Structures are given as structure tokens and as C-alpha cells.
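Chemist: One structure follows; several queries about it will come next.
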Amino acid sequence: MSQVLVSVVVPVYNGDQYLEKTVQSILVQDYENIELILVDDGSKDNSKAIITQLAMQDLRIKPFFNQNGGVANARNFGIAKAQGDFIAFCDQDDLWLPKKLSQQIPLFKNNSVGLVYCGAITDYILYQKQSKSGFKNKHKGKVFEQLVQLNMLTCCTAVVRKSYLQQVDGFDDDRALMGVDDWHLWLKLAMVCEFDFVADYLAVHVFHGDNYSLNDEKMHEAEVVCLNKIESIAATRNKSANWALIKQQLHIRYAKSYIFSGFYNLAGDTFIRAHRTQKNTPFLLKGWFIKVVPNFVWNILQKTKRNFFTR
């Protein structure tokens with residue numbers, strides 16, 4: 001198993017600030033049998049030149065240059081070009097630690113396992129802060145029921161058996177899924193194979209000011225689209241779930257996030273939306289209460305609460 005080829009797919013779009021560091025973190029793996037597929041997705045910066053230069057320095061790097069089609073489209077292109085039986089994913093600004101693949105690949109000895117993930121350190125560049133989430137909510141085996149509640153893995157941590165990727169037709173490149181196209185794929189995979197994970201932090205997920213996933217409202221709508229699509233797919237595979245409750249819980253999670261960010265009217269609308277998804281009068285009343293109370297009152301309450309907890 002240690003000698004199998006792993007194809008690492010990295011989509012690139014205007015990534016000249018980050019790409020070299022990312023590529024270096026992949027190439028210094030203590031697992032050496034890799035190919036690194038860099039798919040430029042129509043970048044307008046200096047990414048193409050950097051990719052060309054990097055490919056000249058290491059024969060494991062396979063460069064490709066496409067017109068812009070979106071990140072999911074670029075990943076699918078990379079999967080199609082991959083020679084390995086296992087596909088690993090990393091974004092252009094994320095990083096791997098040296099033992100990542102050597103700790104993940106052995107778990108594929110279990111033929112029912114189609115995806116192996118690991119923990120990731122979250123690096124908030126703007127705030128010069130790193131955090132490590134625990135492993136309490138990480139699951140293995142048949143994980144669909146847990147995964148549909150909340151995405152438990154970051155794209156840069158995943159290694160997938162290529163045969164299962166082909167079975168579920170890879171990523172859905174609908175741009176309405178942008179930001180959660182990986183979650184959508186994991187959910188499709190969870191219907192057909194088991195997951196496993198390494199309880200160690202083997203990657204770094206980097207957040208910049210321009211990371212798409214920092215925009216809560218866009219992510220909220222993308223997650224709704226994801227669940228609607230998965231609900232349709234699940235019906236064809238005899239997978240059932242309380243979809244109304246799952247979507248309601250999604251709305252509540254974002255409503256709380258909007259309150260924290262000071263978007264009180266949006267939070268109120270989202271509580272009302274949660275009620276409309278599955279009737280819940282307290283959510284309806286809470287939504288209207290948040291909308292009726294002036295924003296300056298909520299700002300005062302928020303400031304008081306935060307000052308109290310930081311004492």
C-alpha cells in the first residue's frame with residue numbers, strides 16, 4: 001500500500017501569492033510516490049508563469065492551463081488527468097504537514113473505505129491566530145447521517161479512492177454550490193463507501209480576507225442548494241433523512257452567526273425562514289422580535305455581553 005501512486009489535485013486561480021508555499025508543502029511529504037496536478041483555471045495574475053517554472057523544477061508536477069470554469073470544474077479536470085488510484089485534494093493556499101499521506105494511505109487497506117481525512121489547523125491570517133478543533137465530531141465508517149448535519153472535513157485533508165469518485169461522477173460544477181462543492185461530493189461518497197480518519201493535525205487550512213467561505217450569507221445559500229441536491233440524489237439510493245429538520249437547523253445556525261456579526265435584520269429573517277421550513281412558533285416569534293427591536297439596542301446588548309465575558 002505504501003507504494004501506490006497518489007495524485008494530488010490543486011486548482012489554481014489567481015494564486016501567485018500562495019502557490020509556491022503550498023506546492024513546497026506537498027513535495028516535501030515523506031510519502032514520495034506522488035504526482036502533483038496543478039490546474040490553472042484561467043488565472044489573470046502570474047500563476048501561469050509560476051506553475052510553468054515549478055514544473056520545470058520537479059518532474060512530479062503536471063501543469064495544465066484551462067479557461068475559467070470554476071474550482072469544481074478544475075478539480076474534475078485534475079481527476080480525469082490523474083494516473084493514481086488515490087486522489088488527494090489541496091487548495092492553492094492551504095498547506096500539508098510532511099507525514100500527511102504516509103499516515104492516511106495505510107487506512108485504505110480496508111477496501112470498503114473510500115475516503116480518509118485528518119485534522120487541520122485553522123490559520124486566520126488577518127488576525128494572526130491559529131486554532132485546532134477537537135475530534136469529537138469526527139466520524140468514521142458509514143457517516144452519511146452525521147455528515148448531512150454538518151461538514152466534518154476540510155477539502156485539503158481528504159484523500160479519496162478514484163474508483164469511488166468515478167462512481168459518483170466527481171464534483172458537481174454548478175456555481176451555486178461554490179464554497180460547498182466539496183461537502184456535496186463528500187455526501188455523495190458517503191452514500192456508497194465508508195470514511196476513515198487520522199486523529200492528528202496533518203494540514204493547515206488558511207483563511208485570508210478573500211476566502212469565499214468567510215461570506216456567511218453566500219455560504220448559507222450554497223449549503224441550502226447542496227442539501228436540496230443531495231435530497232434528490234438520496235432518494236435514488238434509498239437514503240432517508242428528516243430533510244426539513246436538517247434545513248431548519250442549518251437556518252438556525254446561520255441566524256445565530258448573523259446575530260454575532262451584527263446583521264440583526266438578516267438574523268430575524270432567517271429565524272422566520274427556519275419556521276417556514278418546519279413549523280416552529282418560537283422561531284417565528286424570535287425572528288419578528290429581532291426585527292422589531294431597533295439595531296442600536298441589539299448593539300448595546302452585544303457589547304455588554306462581550307465585555308462581561310472578557311473580564
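A note on labels: chains of the C-alpha cells are A, B, ... as shown, every chain counts residues from 1, and ligands are counted from 1 in their shown order.
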DSSP on the backbone, then: every residue of stretch 42-255 of chain A marked strand (DSSP E), written as a ChimeraX atom specification.

Modeler: /A:61-66,86-89,95-96,113-124,129-132,159-161,194-207

Chemist: Please, which residues in stretch 25-120 of chain A fall within 6 Å of stretch 146-161 of chain A when counting only C-alpha atoms, and what is the closest atom pair and distance in Å to one decimal for each, ordered by chain then residue number, as a Markdown table?

Modeler:
| residue | atom | partner | partner_atom | distance |
| --- | --- | --- | --- | --- |
| A:Phe86 | CA | A:Arg161 | CA | 4.6 |
| A:Ile87 | CA | A:Val160 | CA | 5.2 |
| A:Ala88 | CA | A:Val159 | CA | 4.2 |
| A:Phe89 | CA | A:Cys156 | CA | 5.3 |
| A:Cys90 | CA | A:Cys156 | CA | 4.2 |
| A:Gly114 | CA | A:Arg161 | CA | 5.1 |
| A:Leu115 | CA | A:Val160 | CA | 4.4 |
| A:Val116 | CA | A:Val159 | CA | 5.3 |
| A:Tyr117 | CA | A:Ala158 | CA | 4.5 |
| A:Cys118 | CA | A:Thr157 | CA | 5.4 |

Chemist: Would you output that residue set with N, CA and C atoms, as a PDB file, in the first residue's frame?

Modeler:
ATOM      1  N   PHE A  86      -5.514   6.790  -6.074  1.00  0.00           N
ATOM      2  CA  PHE A  86      -5.974   7.604  -4.956  1.00  0.00           C
ATOM      3  C   PHE A  86      -5.756   9.070  -5.296  1.00  0.00           C
ATOM      4  N   ILE A  87      -6.772   9.879  -5.004  1.00  0.00           N
ATOM      5  CA  ILE A  87      -6.734  11.308  -5.315  1.00  0.00           C
ATOM      6  C   ILE A  87      -6.775  12.100  -4.019  1.00  0.00           C
ATOM      7  N   ALA A  88      -5.806  12.979  -3.844  1.00  0.00           N
ATOM      8  CA  ALA A  88      -5.787  13.882  -2.694  1.00  0.00           C
ATOM      9  C   ALA A  88      -6.049  15.294  -3.182  1.00  0.00           C
ATOM     10  N   PHE A  89      -6.670  16.089  -2.342  1.00  0.00           N
ATOM     11  CA  PHE A  89      -7.020  17.454  -2.721  1.00  0.00           C
ATOM     12  C   PHE A  89      -6.339  18.462  -1.802  1.00  0.00           C
ATOM     13  N   CYS A  90      -5.920  19.562  -2.404  1.00  0.00           N
ATOM     14  CA  CYS A  90      -5.385  20.681  -1.628  1.00  0.00           C
ATOM     15  C   CYS A  90      -5.691  21.954  -2.389  1.00  0.00           C
ATOM     16  N   GLY A 114     -13.507   4.489   1.292  1.00  0.00           N
ATOM     17  CA  GLY A 114     -13.328   5.248   0.059  1.00  0.00           C
ATOM     18  C   GLY A 114     -12.744   6.622   0.273  1.00  0.00           C
ATOM     19  N   LEU A 115     -12.776   7.114   1.507  1.00  0.00           N
ATOM     20  CA  LEU A 115     -12.239   8.451   1.808  1.00  0.00           C
ATOM     21  C   LEU A 115     -11.583   8.418   3.183  1.00  0.00           C
ATOM     22  N   VAL A 116     -10.395   8.990   3.262  1.00  0.00           N
ATOM     23  CA  VAL A 116      -9.681   9.154   4.533  1.00  0.00           C
ATOM     24  C   VAL A 116      -9.358  10.632   4.714  1.00  0.00           C
ATOM     25  N   TYR A 117      -9.707  11.162   5.878  1.00  0.00           N
ATOM     26  CA  TYR A 117      -9.407  12.565   6.162  1.00  0.00           C
ATOM     27  C   TYR A 117      -8.634  12.670   7.463  1.00  0.00           C
ATOM     28  N   CYS A 118      -8.292  13.870   7.842  1.00  0.00           N
ATOM     29  CA  CYS A 118      -7.496  14.091   9.052  1.00  0.00           C
ATOM     30  C   CYS A 118      -7.880  15.434   9.655  1.00  0.00           C
TER      31      CYS A 118
END

Chemist: Taking 2 positions as the minimum chain separation for residues in the same chain, which residues sit within 7 Å of stretch 63-78 of chain A when counting only C-alpha atoms? Answer as a PyMOL selection string.

Modeler: chain A and resi 9+11+37-42+51-52+55+61+80-82+170-173+181

Chemist: Using only C-alpha atoms, which of A:Gln104, A:Ser163, A:Ser261, A:Thr22 sits nearest A:Asn215?

Modeler: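 Distance minimum relative to A:Asn215 lands on A:Ser261.
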
Chemist: If I take atom CA of A:Gln24 and atom CA of A:Leu54, how far is one from the other in Å, to one decimal?

Modeler: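 Calculated distance between atom CA of A:Gln24 and atom CA of A:Leu54 is 9.6 Å.
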
Chemist: From the list A:Ile259, A:Val23, A:Cys226, A:Val198, which residue is nearest A:Leu185 when using only C-alpha atoms?

Modeler: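 Between A:Ile259, A:Val23, A:Cys226, A:Val198, the residue approaching A:Leu185 most closely is A:Cys226.
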
Chemist: Looking only at alpha helix (DSSP H) from DSSP on the backbone, list the matching residues of stretch 69-276 of chain A as a PyMOL selection string.

Modeler: chain A and resi 71-81+100-104+144-147+162-167+181-190+216-236+243-261+264-276

Chemist: Check the smallest atom-to-atom distance from each of A:Lys303, A:Lys44, A:Lys291, A:Lys239 to A:Glu145 using only C-alpha atoms, then report the winner.

Modeler: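 Using only C-alpha atoms, the shortest distance to A:Glu145 belongs to A:Lys239.
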
Chemist: Between atom CA of A:Lys109 and atom CA of A:Lys138, measure the distance and give it in Å to one decimal.

Modeler: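 One can read the atom CA of A:Lys109 to atom CA of A:Lys138 distance as 20.1 Å.
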